[in-house]
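Novice: Please find work01.cif (mmCIF, C-alpha atoms) on the next line:
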data_entry
loop_
_atom_site.group_PDB
_atom_site.id
_atom_site.type_symbol
_atom_site.label_atom_id
_atom_site.label_comp_id
_atom_site.auth_asym_id
_atom_site.auth_seq_id
_atom_site.Cartn_x
_atom_site.Cartn_y
_atom_site.Cartn_z
ATOM 1 C CA MET A 1 50.719 306.182 110.432
ATOM 2 C CA ARG A 2 53.601 304.327 112.060
ATOM 3 C CA THR A 3 53.780 304.587 115.799
ATOM 4 C CA LEU A 4 55.704 302.496 118.277
ATOM 5 C CA VAL A 5 52.944 301.285 120.550
ATOM 6 C CA ASP A 6 55.206 300.255 123.404
ATOM 7 C CA ILE A 7 56.253 303.886 123.587
ATOM 8 C CA VAL A 8 52.903 305.461 122.781
ATOM 9 C CA LYS A 9 50.764 304.973 125.860
ATOM 10 C CA PHE A 10 47.105 304.249 125.254
ATOM 11 C CA ARG A 11 44.259 304.937 127.608
ATOM 12 C CA THR A 12 40.981 303.112 127.380
ATOM 13 C CA LEU A 13 37.921 305.260 126.698
ATOM 14 C CA VAL A 14 34.493 303.958 127.683
ATOM 15 C CA LYS A 15 31.738 304.356 125.095
ATOM 16 C CA GLU A 16 29.158 302.307 126.946
ATOM 17 C CA GLU A 17 29.814 300.516 130.236
ATOM 18 C CA CYS A 18 28.606 296.910 129.849
ATOM 19 C CA GLU A 19 28.519 293.694 131.826
ATOM 20 C CA THR A 20 29.784 290.437 130.383
ATOM 21 C CA ASP A 21 27.785 287.259 130.865
ATOM 22 C CA GLU A 22 29.760 284.563 132.712
ATOM 23 C CA LYS A 23 27.802 281.902 130.791
ATOM 24 C CA TYR A 24 29.729 282.588 127.598
ATOM 25 C CA GLY A 25 33.365 282.689 126.591
ATOM 26 C CA GLU A 26 36.502 281.975 128.594
ATOM 27 C CA TYR A 27 38.859 284.373 130.355
ATOM 28 C CA PRO A 28 42.226 283.954 128.579
ATOM 29 C CA ASP A 29 43.977 282.598 131.698
ATOM 30 C CA LYS A 30 41.153 280.081 132.234
ATOM 31 C CA ARG A 31 41.253 278.825 128.630
ATOM 32 C CA SER A 32 40.892 275.054 128.318
ATOM 33 C CA ILE A 33 44.103 273.280 127.280
ATOM 34 C CA ASP A 34 42.451 272.244 124.010
ATOM 35 C CA ARG A 35 41.643 275.824 123.120
ATOM 36 C CA LEU A 36 44.950 277.079 124.517
ATOM 37 C CA MET A 37 46.707 274.844 122.015
ATOM 38 C CA GLN A 38 44.588 276.461 119.295
ATOM 39 C CA LEU A 39 45.258 280.005 120.450
ATOM 40 C CA GLY A 40 48.454 280.128 122.418
ATOM 41 C CA VAL A 41 52.003 281.426 122.168
ATOM 42 C CA VAL A 42 55.350 280.106 123.313
ATOM 43 C CA ASN A 43 58.219 282.507 123.844
ATOM 44 C CA LEU A 44 60.822 280.095 122.554
ATOM 45 C CA ASP A 45 64.567 280.275 123.035
ATOM 46 C CA LYS A 46 65.603 279.194 119.564
ATOM 47 C CA PRO A 47 68.998 277.514 119.194
ATOM 48 C CA SER A 48 71.262 279.158 116.607
ATOM 49 C CA GLY A 49 71.548 276.214 114.220
ATOM 50 C CA PRO A 50 68.097 275.321 112.869
ATOM 51 C CA SER A 51 65.963 277.895 111.052
ATOM 52 C CA SER A 52 62.779 279.348 112.502
ATOM 53 C CA HIS A 53 60.926 277.240 109.972
ATOM 54 C CA ASP A 54 62.679 274.054 111.160
ATOM 55 C CA VAL A 55 61.879 274.867 114.775
ATOM 56 C CA SER A 56 58.232 275.553 113.901
ATOM 57 C CA SER A 57 57.911 272.089 112.473
ATOM 58 C CA THR A 58 59.583 270.568 115.545
ATOM 59 C CA VAL A 59 57.107 272.402 117.779
ATOM 60 C CA LYS A 60 54.290 271.067 115.635
ATOM 61 C CA LYS A 61 55.566 267.521 116.169
ATOM 62 C CA ILE A 62 56.183 267.899 119.904
ATOM 63 C CA LEU A 63 52.699 269.253 120.551
ATOM 64 C CA SER A 64 51.005 267.239 117.795
ATOM 65 C CA VAL A 65 49.111 270.338 116.685
ATOM 66 C CA GLY A 66 48.048 270.961 113.117
ATOM 67 C CA LYS A 67 49.406 274.459 112.818
ATOM 68 C CA ALA A 68 52.369 276.336 114.194
ATOM 69 C CA GLY A 69 54.065 279.470 113.008
ATOM 70 C CA HIS A 70 56.580 281.995 114.162
ATOM 71 C CA ALA A 71 56.487 285.725 114.464
ATOM 72 C CA GLY A 72 59.933 286.764 113.426
ATOM 73 C CA THR A 73 63.180 285.460 112.099
ATOM 74 C CA LEU A 74 66.550 286.977 112.696
ATOM 75 C CA GLU A 75 68.883 286.787 109.757
ATOM 76 C CA ALA A 76 70.308 283.366 108.938
ATOM 77 C CA MET A 77 73.410 283.789 111.092
ATOM 78 C CA GLY A 78 71.545 285.052 114.089
ATOM 79 C CA ARG A 79 70.850 283.284 117.290
ATOM 80 C CA SER A 80 67.381 284.256 118.252
ATOM 81 C CA TRP A 81 64.256 283.402 120.003
ATOM 82 C CA CYS A 82 60.939 283.531 118.303
ATOM 83 C CA VAL A 83 57.335 283.477 119.220
ATOM 84 C CA ARG A 84 55.581 280.236 118.474
ATOM 85 C CA ARG A 85 51.952 280.150 117.813
ATOM 86 C CA PRO A 86 50.612 276.645 118.191
ATOM 87 C CA SER A 87 47.948 277.753 115.771
ATOM 88 C CA GLY A 88 46.212 280.539 114.059
ATOM 89 C CA VAL A 89 47.448 284.079 114.270
ATOM 90 C CA SER A 90 49.539 285.223 111.365
ATOM 91 C CA MET B 1 54.105 298.691 116.438
ATOM 92 C CA MET B 2 56.484 297.300 118.997
ATOM 93 C CA SER B 3 60.187 298.066 119.357
ATOM 94 C CA LYS B 4 62.767 295.275 119.335
ATOM 95 C CA GLU B 5 65.957 295.034 121.339
ATOM 96 C CA TYR B 6 69.111 293.249 120.252
ATOM 97 C CA VAL B 7 72.514 292.468 121.692
ATOM 98 C CA GLY B 8 75.310 291.507 119.349
ATOM 99 C CA VAL B 9 78.999 291.410 118.562
ATOM 100 C CA CYS B 10 80.620 293.440 115.804
ATOM 101 C CA GLU B 11 84.142 293.279 114.405
ATOM 102 C CA LEU B 12 85.944 296.300 112.986
ATOM 103 C CA HIS B 13 88.378 295.824 110.132
ATOM 104 C CA GLY B 14 91.098 298.182 111.312
ATOM 105 C CA ALA B 15 92.484 300.259 114.143
ATOM 106 C CA PHE B 16 89.914 302.680 115.505
ATOM 107 C CA ASP B 17 89.428 305.447 118.000
ATOM 108 C CA GLU B 18 87.058 304.538 120.829
ATOM 109 C CA ASN B 19 85.713 308.078 121.104
ATOM 110 C CA ALA B 20 84.972 308.146 117.381
ATOM 111 C CA LEU B 21 83.140 304.818 117.700
ATOM 112 C CA ARG B 22 80.950 306.133 120.506
ATOM 113 C CA LYS B 23 80.366 309.394 118.646
ATOM 114 C CA TRP B 24 79.094 307.569 115.543
ATOM 115 C CA THR B 25 76.781 305.268 117.502
ATOM 116 C CA GLU B 26 75.282 308.409 119.018
ATOM 117 C CA LYS B 27 74.898 309.937 115.575
ATOM 118 C CA LEU B 28 73.187 306.757 114.358
ATOM 119 C CA THR B 29 70.609 307.078 117.146
ATOM 120 C CA GLY B 30 67.383 308.743 116.080
ATOM 121 C CA THR B 31 66.035 308.709 112.532
ATOM 122 C CA ILE B 32 68.280 307.073 109.961
ATOM 123 C CA TYR B 33 68.024 306.151 106.289
ATOM 124 C CA GLN B 34 68.683 302.540 105.435
ATOM 125 C CA LYS B 35 68.775 300.516 102.240
ATOM 126 C CA PRO B 36 67.925 296.835 102.804
ATOM 127 C CA PRO B 37 70.899 294.530 102.114
ATOM 128 C CA VAL B 38 71.238 292.591 98.838
ATOM 129 C CA ARG B 39 70.210 289.393 100.580
ATOM 130 C CA SER B 40 66.908 290.522 101.992
ATOM 131 C CA SER B 41 63.309 289.518 101.595
ATOM 132 C CA VAL B 42 61.958 293.011 100.865
ATOM 133 C CA LYS B 43 62.145 295.556 98.061
ATOM 134 C CA ARG B 44 65.490 297.333 98.218
ATOM 135 C CA ALA B 45 64.177 300.852 98.541
ATOM 136 C CA VAL B 46 65.750 303.293 100.983
ATOM 137 C CA ARG B 47 63.634 303.437 104.116
ATOM 138 C CA ARG B 48 63.529 305.604 107.177
ATOM 139 C CA ARG B 49 63.836 303.897 110.526
ATOM 140 C CA THR B 50 64.106 305.069 114.111
ATOM 141 C CA ILE B 51 66.981 303.771 116.213
ATOM 142 C CA LEU B 52 65.864 304.306 119.795
ATOM 143 C CA ARG B 53 69.107 303.183 121.369
ATOM 144 C CA PHE B 54 72.523 302.257 120.055
ATOM 145 C CA THR B 55 75.178 301.767 122.717
ATOM 146 C CA ILE B 56 78.538 300.084 123.094
ATOM 147 C CA GLU B 57 78.533 297.690 126.048
ATOM 148 C CA ASP B 58 82.061 296.327 125.881
ATOM 149 C CA ILE B 59 85.172 296.586 123.711
ATOM 150 C CA ALA B 60 87.960 294.011 123.297
ATOM 151 C CA GLU B 61 90.581 294.661 120.619
ATOM 152 C CA ARG B 62 88.692 295.018 117.351
ATOM 153 C CA ARG B 63 85.457 293.526 118.603
ATOM 154 C CA PHE B 64 82.717 295.193 120.579
ATOM 155 C CA VAL B 65 79.389 294.240 122.114
ATOM 156 C CA PHE B 66 76.504 296.517 121.217
ATOM 157 C CA ARG B 67 72.909 296.941 122.261
ATOM 158 C CA VAL B 68 70.333 298.268 119.812
ATOM 159 C CA VAL B 69 66.655 299.149 120.250
ATOM 160 C CA THR B 70 64.851 299.706 116.957
ATOM 161 C CA GLU B 71 61.509 299.744 115.313
ATOM 162 C CA PRO B 72 60.557 296.706 113.185
ATOM 163 C CA GLY B 73 62.032 296.488 109.699
ATOM 164 C CA THR B 74 65.479 297.710 110.661
ATOM 165 C CA TYR B 75 68.424 295.650 109.479
ATOM 166 C CA VAL B 76 70.875 295.507 112.373
ATOM 167 C CA ARG B 77 73.613 293.929 110.229
ATOM 168 C CA LYS B 78 73.320 296.866 107.845
ATOM 169 C CA LEU B 79 73.406 299.355 110.717
ATOM 170 C CA LEU B 80 76.747 297.915 111.844
ATOM 171 C CA HIS B 81 78.063 297.805 108.272
ATOM 172 C CA ASP B 82 77.198 301.492 107.887
ATOM 173 C CA LEU B 83 78.879 302.267 111.226
ATOM 174 C CA GLY B 84 82.043 300.667 109.804
ATOM 175 C CA LEU B 85 81.879 302.916 106.738
ATOM 176 C CA LEU B 86 81.404 306.030 108.883
ATOM 177 C CA LEU B 87 84.384 305.064 111.061
ATOM 178 C CA GLY B 88 86.448 304.472 107.945
ATOM 179 C CA THR B 89 87.568 301.005 109.009
ATOM 180 C CA GLY B 90 84.746 298.838 107.742
ATOM 181 C CA ALA B 91 82.906 296.467 110.070
ATOM 182 C CA HIS B 92 80.774 293.373 110.093
ATOM 183 C CA MET B 93 78.419 291.814 112.578
ATOM 184 C CA VAL B 94 79.620 288.562 114.118
ATOM 185 C CA GLU B 95 76.712 287.611 116.354
ATOM 186 C CA LEU B 96 73.198 288.799 116.992
ATOM 187 C CA ARG B 97 70.531 287.885 119.485
ATOM 188 C CA ARG B 98 67.114 289.402 119.950
ATOM 189 C CA VAL B 99 66.569 289.935 123.662
ATOM 190 C CA ARG B 100 63.170 291.610 123.518
ATOM 191 C CA ASP B 101 60.326 291.874 121.032
ATOM 192 C CA GLY B 102 57.671 294.271 122.271
ATOM 193 C CA PHE B 103 56.813 293.104 125.755
ATOM 194 C CA LEU B 104 58.221 289.611 125.237
ATOM 195 C CA LYS B 105 61.618 289.220 126.840
ATOM 196 C CA GLU B 106 64.360 286.681 126.551
ATOM 197 C CA ASP B 107 64.324 285.907 130.277
ATOM 198 C CA SER B 108 60.763 284.552 130.083
ATOM 199 C CA SER B 109 61.560 282.217 127.181
ATOM 200 C CA SER B 110 61.564 278.417 127.231
ATOM 201 C CA THR B 111 63.618 275.882 125.336
ATOM 202 C CA LEU B 112 62.327 273.185 122.989
ATOM 203 C CA LEU B 113 63.297 270.606 125.604
ATOM 204 C CA GLU B 114 61.189 272.323 128.271
ATOM 205 C CA LEU B 115 58.259 272.439 125.861
ATOM 206 C CA TYR B 116 58.701 268.740 125.148
ATOM 207 C CA ALA B 117 58.830 267.899 128.874
ATOM 208 C CA ALA B 118 55.734 270.020 129.560
ATOM 209 C CA TRP B 119 53.770 268.229 126.851
ATOM 210 C CA GLN B 120 54.792 264.781 128.137
ATOM 211 C CA LEU B 121 53.755 265.779 131.680
ATOM 212 C CA TYR B 122 50.433 267.060 130.375
ATOM 213 C CA LYS B 123 49.791 263.711 128.717
ATOM 214 C CA LYS B 124 50.291 262.136 132.152
ATOM 215 C CA GLY B 125 47.682 264.478 133.619
ATOM 216 C CA GLU B 126 49.845 267.346 134.916
ATOM 217 C CA GLU B 127 49.055 270.577 133.079
ATOM 218 C CA ASN B 128 50.741 273.235 135.260
ATOM 219 C CA LEU B 129 54.085 273.278 133.426
ATOM 220 C CA LEU B 130 52.392 273.386 130.022
ATOM 221 C CA ARG B 131 50.367 276.408 131.172
ATOM 222 C CA LYS B 132 53.568 278.116 132.266
ATOM 223 C CA ILE B 133 55.107 277.697 128.817
ATOM 224 C CA VAL B 134 52.160 277.971 126.449
ATOM 225 C CA LYS B 135 50.486 281.290 127.189
ATOM 226 C CA PRO B 136 47.199 282.641 125.893
ATOM 227 C CA VAL B 137 47.803 284.602 122.682
ATOM 228 C CA GLU B 138 46.621 287.752 124.489
ATOM 229 C CA GLU B 139 49.893 287.676 126.443
ATOM 230 C CA ALA B 140 51.825 288.444 123.258
ATOM 231 C CA LEU B 141 49.407 291.276 122.420
ATOM 232 C CA LYS B 142 50.047 293.278 125.581
ATOM 233 C CA GLY B 143 50.448 296.913 124.675
ATOM 234 C CA PHE B 144 48.779 296.433 121.299
ATOM 235 C CA PRO B 145 45.721 298.720 121.012
ATOM 236 C CA SER B 146 42.312 297.119 121.491
ATOM 237 C CA VAL B 147 38.635 297.690 120.844
ATOM 238 C CA TYR B 148 36.358 295.959 123.367
ATOM 239 C CA VAL B 149 32.992 294.751 122.131
ATOM 240 C CA LYS B 150 29.766 293.931 123.943
ATOM 241 C CA ASP B 151 28.817 290.271 124.391
ATOM 242 C CA SER B 152 26.007 290.778 121.887
ATOM 243 C CA ALA B 153 28.447 291.676 119.092
ATOM 244 C CA VAL B 154 31.070 288.966 119.713
ATOM 245 C CA ALA B 155 29.594 286.173 117.580
ATOM 246 C CA ALA B 156 28.992 288.491 114.614
ATOM 247 C CA VAL B 157 32.634 289.664 114.658
ATOM 248 C CA ALA B 158 33.811 286.073 115.171
ATOM 249 C CA HIS B 159 31.942 285.196 111.983
ATOM 250 C CA GLY B 160 33.757 288.005 110.143
ATOM 251 C CA ALA B 161 31.132 290.759 110.218
ATOM 252 C CA PRO B 162 32.423 294.340 110.463
ATOM 253 C CA LEU B 163 32.042 295.958 113.872
ATOM 254 C CA ALA B 164 29.272 298.545 114.144
ATOM 255 C CA SER B 165 29.480 301.466 116.585
ATOM 256 C CA LYS B 166 26.618 300.033 118.661
ATOM 257 C CA GLY B 167 28.726 296.945 119.416
ATOM 258 C CA VAL B 168 31.601 298.916 120.958
ATOM 259 C CA SER B 169 31.943 299.129 124.741
ATOM 260 C CA LYS B 170 35.489 300.524 125.092
ATOM 261 C CA ILE B 171 38.307 301.644 122.814
ATOM 262 C CA ASP B 172 41.970 302.490 123.299
ATOM 263 C CA HIS B 173 42.949 306.076 122.583
ATOM 264 C CA PRO B 174 44.588 307.696 120.646
ATOM 265 C CA LEU B 175 44.046 305.664 117.460
ATOM 266 C CA SER B 176 43.701 307.012 113.936
ATOM 267 C CA LYS B 177 41.582 305.957 110.997
ATOM 268 C CA GLY B 178 43.415 303.124 109.211
ATOM 269 C CA ASP B 179 45.203 301.870 112.360
ATOM 270 C CA MET B 180 45.127 298.171 113.185
ATOM 271 C CA ALA B 181 43.603 297.125 116.480
ATOM 272 C CA CYS B 182 42.891 293.913 118.298
ATOM 273 C CA ILE B 183 39.187 293.249 118.768
ATOM 274 C CA LYS B 184 38.531 291.850 122.226
ATOM 275 C CA THR B 185 35.624 290.658 124.329
ATOM 276 C CA LEU B 186 34.926 292.248 127.716
ATOM 277 C CA LYS B 187 36.598 289.170 129.237
ATOM 278 C CA GLY B 188 39.761 290.170 127.391
ATOM 279 C CA GLU B 189 39.628 287.342 124.830
ATOM 280 C CA CYS B 190 41.079 288.191 121.435
ATOM 281 C CA ILE B 191 38.398 287.757 118.753
ATOM 282 C CA GLY B 192 40.566 288.957 115.884
ATOM 283 C CA PHE B 193 42.127 291.976 114.244
ATOM 284 C CA GLY B 194 40.646 294.839 112.309
ATOM 285 C CA THR B 195 41.220 298.261 110.772
ATOM 286 C CA LEU B 196 39.602 301.378 112.177
ATOM 287 C CA THR B 197 37.436 303.325 109.736
ATOM 288 C CA MET B 198 37.582 306.435 111.933
ATOM 289 C CA ASP B 199 39.674 307.950 114.756
ATOM 290 C CA SER B 200 39.154 306.575 118.274
ATOM 291 C CA ASP B 201 37.491 309.766 119.577
ATOM 292 C CA ASP B 202 35.042 309.644 116.648
ATOM 293 C CA VAL B 203 34.229 306.010 117.489
ATOM 294 C CA LEU B 204 33.315 307.203 120.971
ATOM 295 C CA HIS B 205 30.649 309.556 119.621
ATOM 296 C CA ALA B 206 29.478 307.601 116.559
ATOM 297 C CA LYS B 207 25.762 306.824 116.766
ATOM 298 C CA SER B 208 25.685 304.346 113.895
ATOM 299 C CA GLY B 209 27.743 302.805 111.125
ATOM 300 C CA ILE B 210 30.779 300.574 110.796
ATOM 301 C CA VAL B 211 33.757 301.529 112.959
ATOM 302 C CA VAL B 212 36.121 298.585 112.420
ATOM 303 C CA THR B 213 36.483 296.285 109.420
ATOM 304 C CA VAL B 214 37.559 292.782 110.397
ATOM 305 C CA GLU B 215 40.731 291.444 108.745
ATOM 306 C CA ARG B 216 41.367 288.264 110.682
ATOM 307 C CA VAL B 217 39.387 286.151 113.120
ATOM 308 C CA VAL B 218 41.182 283.868 115.587
ATOM 309 C CA MET B 219 38.498 283.094 118.140
ATOM 310 C CA ASP B 220 36.477 279.897 118.258
ATOM 311 C CA ARG B 221 33.183 281.197 116.878
ATOM 312 C CA THR B 222 31.040 278.869 118.982
ATOM 313 C CA LEU B 223 32.016 280.525 122.288
ATOM 314 C CA TYR B 224 29.346 283.240 122.155
ATOM 315 C CA PRO B 225 25.685 282.954 121.068
ATOM 316 C CA LYS B 226 24.515 284.349 117.738
ATOM 317 C CA MET B 227 22.449 287.323 118.872
ATOM 318 C CA TRP B 228 21.369 288.281 115.372
ATOM 319 C CA ALA B 229 19.523 284.974 114.905
ATOM 320 C CA ARG B 230 16.844 285.863 117.416
#
Can you present the structure in this file as structure tokens?

Specialist:
Amino acid sequence: MRTLVDIVKFRTLVKEECETDEKYGEYPDKRSIDRLMQLGVVNLDKPSGPSSHDVSSTVKKILSVGKAGHAGTLEAMGRSWCVRRPSGVS
Amino acid sequence: MMSKEYVGVCELHGAFDENALRKWTEKLTGTIYQKPPVRSSVKRAVRRRTILRFTIEDIAERRFVFRVVTEPGTYVRKLLHDLGLLLGTGAHMVELRRVRDGFLKEDSSSTLLELYAAWQLYKKGEENLLRKIVKPVEEALKGFPSVYVKDSAVAAVAHGAPLASKGVSKIDHPLSKGDMACIKTLKGECIGFGTLTMDSDDVLHAKSGIVVTVERVVMDRTLYPKMWAR
């Protein structure tokens, strides 16, 4: 089933209203820098010369993180911006 | 699935009628059939794609600026090539830039240099700029459907266990069996991604059983206590 989710509007149904314990976890906007670098994204304005792969490796060097990936490549000629994930998400 | 928006330049190979050009872009809006180009990374089978918008923004001699909104997996270069065939002149794409991918827009993007500067500042003890550029992954998942789990189920999912109906607090609707969803904590943290084993309204009423199988975990699994170990 292919649906465009930015056009399909979702509403959130409640199965069981629950509290969350402030002792555990981290609200995404309060994430420690260390963890943010593990699970963060950069909306990067990619220059048109180097490939997405090249830019990924540059990002890796700049941030000295172990993993970085991108979420989309325009065709070779294209000038694009890509999403950088300092780590993790495929 | 999120739509993508592009702006680009196309060059026509012969004299053309402006009205005909606009007519064909209109006709190419909606559902189209497309065969991936020879140089592509996917199987070259004809596919059906939805073009949500295809407009001409500017024309100068044989070149024009276009704007296209499509669903993922659409080859924009091919779309313009096909437009050239329909017009009878032939055409090729000269430039292309993606200006939006889902909710992520070009105007909120940063350059490599800004990222570099932010990291250097962070190393000197100033983290504000880095936080402006590196966003929590959840930011890129805006609009993507989610299942919210109780605190007690977080660690199990973070260790890869399938999500049982008892662990669900909230779920986005409408979702169908087989759809992908983000699994989140009640604080909005992304734990990972999974596939629904039933429709969202069935999840709401399910008394027992597995409702989501976990495909990928991204969360640090030490953030929530292991409730099953008690």

Novice: Please identify all polymer residues within 7 Å of segment 50-54 of chain A, counting all atoms listed in the file, omitting same-chain residues fewer than 3 positions from it, and present them as a short mmCIF file (atom, residue, chain, number, x, y, z; two decimals) with C-alpha atoms, in the frame of the given file.

Specialist:
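Result file is result24.cif:
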data_model
loop_
_atom_site.label_atom_id
_atom_site.label_comp_id
_atom_site.auth_asym_id
_atom_site.auth_seq_id
_atom_site.Cartn_x
_atom_site.Cartn_y
_atom_site.Cartn_z
CA PRO A 47 69.00 277.51 119.19
CA SER A 57 57.91 272.09 112.47
CA THR A 58 59.58 270.57 115.54
CA HIS A 70 56.58 282.00 114.16
CA THR A 73 63.18 285.46 112.10
#

Novice: Is it possible to get the residues within 12 Å of (31.9, 311.2, 122.9) (coordinates as in the file, counting only C-alpha atoms) written as a PDB file with C-alpha atoms, in the frame of the given file?

Specialist:
ATOM      1  CA  LEU A  13      37.921 305.260 126.698  1.00  0.00           C
ATOM      2  CA  VAL A  14      34.493 303.958 127.683  1.00  0.00           C
ATOM      3  CA  LYS A  15      31.738 304.356 125.095  1.00  0.00           C
ATOM      4  CA  GLU A  16      29.158 302.307 126.946  1.00  0.00           C
TER       5      GLU A  16
ATOM      6  CA  SER B 165      29.480 301.466 116.585  1.00  0.00           C
ATOM      7  CA  LYS B 170      35.489 300.524 125.092  1.00  0.00           C
ATOM      8  CA  ILE B 171      38.307 301.644 122.814  1.00  0.00           C
ATOM      9  CA  ASP B 199      39.674 307.950 114.756  1.00  0.00           C
ATOM     10  CA  SER B 200      39.154 306.575 118.274  1.00  0.00           C
ATOM     11  CA  ASP B 201      37.491 309.766 119.577  1.00  0.00           C
ATOM     12  CA  ASP B 202      35.042 309.644 116.648  1.00  0.00           C
ATOM     13  CA  VAL B 203      34.229 306.010 117.489  1.00  0.00           C
ATOM     14  CA  LEU B 204      33.315 307.203 120.971  1.00  0.00           C
ATOM     15  CA  HIS B 205      30.649 309.556 119.621  1.00  0.00           C
ATOM     16  CA  ALA B 206      29.478 307.601 116.559  1.00  0.00           C
ATOM     17  CA  LYS B 207      25.762 306.824 116.766  1.00  0.00           C
TER      18      LYS B 207
END

Novice: For chain B, report every residue with an atom at most 7 Å from chain A (counting all atoms listed in the file), formatted as a JSON list (two decimals) with C-alpha atoms, keeping the file's coordinate frame.

Specialist:
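Printed below is result-v9.json as written:
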[["chain", "number", "residue", "atom", "x", "y", "z"],
["B", 1, "MET", "CA", 54.10, 298.69, 116.44],
["B", 2, "MET", "CA", 56.48, 297.30, 119.00],
["B", 3, "SER", "CA", 60.19, 298.07, 119.36],
["B", 95, "GLU", "CA", 76.71, 287.61, 116.35],
["B", 96, "LEU", "CA", 73.20, 288.80, 116.99],
["B", 97, "ARG", "CA", 70.53, 287.88, 119.48],
["B", 98, "ARG", "CA", 67.11, 289.40, 119.95],
["B", 102, "GLY", "CA", 57.67, 294.27, 122.27],
["B", 109, "SER", "CA", 61.56, 282.22, 127.18],
["B", 110, "SER", "CA", 61.56, 278.42, 127.23],
["B", 111, "THR", "CA", 63.62, 275.88, 125.34],
["B", 116, "TYR", "CA", 58.70, 268.74, 125.15],
["B", 119, "TRP", "CA", 53.77, 268.23, 126.85],
["B", 133, "ILE", "CA", 55.11, 277.70, 128.82],
["B", 134, "VAL", "CA", 52.16, 277.97, 126.45],
["B", 135, "LYS", "CA", 50.49, 281.29, 127.19],
["B", 136, "PRO", "CA", 47.20, 282.64, 125.89],
["B", 137, "VAL", "CA", 47.80, 284.60, 122.68],
["B", 143, "GLY", "CA", 50.45, 296.91, 124.68],
["B", 144, "PHE", "CA", 48.78, 296.43, 121.30],
["B", 150, "LYS", "CA", 29.77, 293.93, 123.94],
["B", 151, "ASP", "CA", 28.82, 290.27, 124.39],
["B", 168, "VAL", "CA", 31.60, 298.92, 120.96],
["B", 169, "SER", "CA", 31.94, 299.13, 124.74],
["B", 170, "LYS", "CA", 35.49, 300.52, 125.09],
["B", 171, "ILE", "CA", 38.31, 301.64, 122.81],
["B", 172, "ASP", "CA", 41.97, 302.49, 123.30],
["B", 173, "HIS", "CA", 42.95, 306.08, 122.58],
["B", 174, "PRO", "CA", 44.59, 307.70, 120.65],
["B", 186, "LEU", "CA", 34.93, 292.25, 127.72],
["B", 187, "LYS", "CA", 36.60, 289.17, 129.24],
["B", 188, "GLY", "CA", 39.76, 290.17, 127.39],
["B", 189, "GLU", "CA", 39.63, 287.34, 124.83],
["B", 204, "LEU", "CA", 33.32, 307.20, 120.97],
["B", 218, "VAL", "CA", 41.18, 283.87, 115.59],
["B", 223, "LEU", "CA", 32.02, 280.52, 122.29],
["B", 224, "TYR", "CA", 29.35, 283.24, 122.16]]

Novice: Which distance in Å separates atom CA of Phe64 of chain B and atom CA of Leu83 of chain B, to one decimal?

Specialist: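 Value for the atom CA of Phe64 of chain B-atom CA of Leu83 of chain B distance: 12.3 Å.
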
Novice: Around (82.4, 304.9, 109.7) in the file's frame, which residues reach within 10 Å when counting all atoms listed in the file? Return as number ranges by chain?

Specialist: B: 12, 16, 20-21, 24-25, 80-91

Novice: For atom CA of Arg39 of chain B and atom CA of Tyr75 of chain B, determine how far apart the two atoms are, in Å to one decimal place.

Specialist: 11.0 Å

Novice: Would you work out the distance separating atom CA of Lys78 of chain B from atom CA of Met180 of chain B, expressed in Å to one decimal?

Specialist: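 About the pair atom CA of Lys78 of chain B and atom CA of Met180 of chain B: they are 28.7 Å apart.
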
Novice: May I ask which of the residues B:Val9, B:Gly14, B:Thr31, B:Phe103 is the closest one to Glu57 of chain B, counting all atoms listed in the file?

Specialist: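 Distance minimum relative to Glu57 of chain B lands on B:Val9.
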
Novice: Taking the file as shown, what set of residues would the PyMOL selection byres ((chain B and resi 216) around 9) give back, as a count of residues only?

Specialist: 11

Novice: Applied to this file, what does the PyMOL selection byres ((chain B and resi 228) around 12) return in terms of residues, put as a PyMOL selection string?

Specialist: chain B and resi 151-157+159+161+224-227+229-230

Novice: Do you know which residues the PyMOL selection byres ((chain B and resi 48) around 6) returns on this file, as a PyMOL selection string?

Specialist: chain B and resi 32-33+47+49

Novice: Could you pull the residues within 9 Å of segment 123-130 of chain B, counting only C-alpha atoms, minus those fewer than 6 positions along the same chain, as a list in words?

Specialist: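 Using only C-alpha atoms, the neighbours found are Ile33 of chain A; Glu114, Leu115 and Ala117 of chain B.
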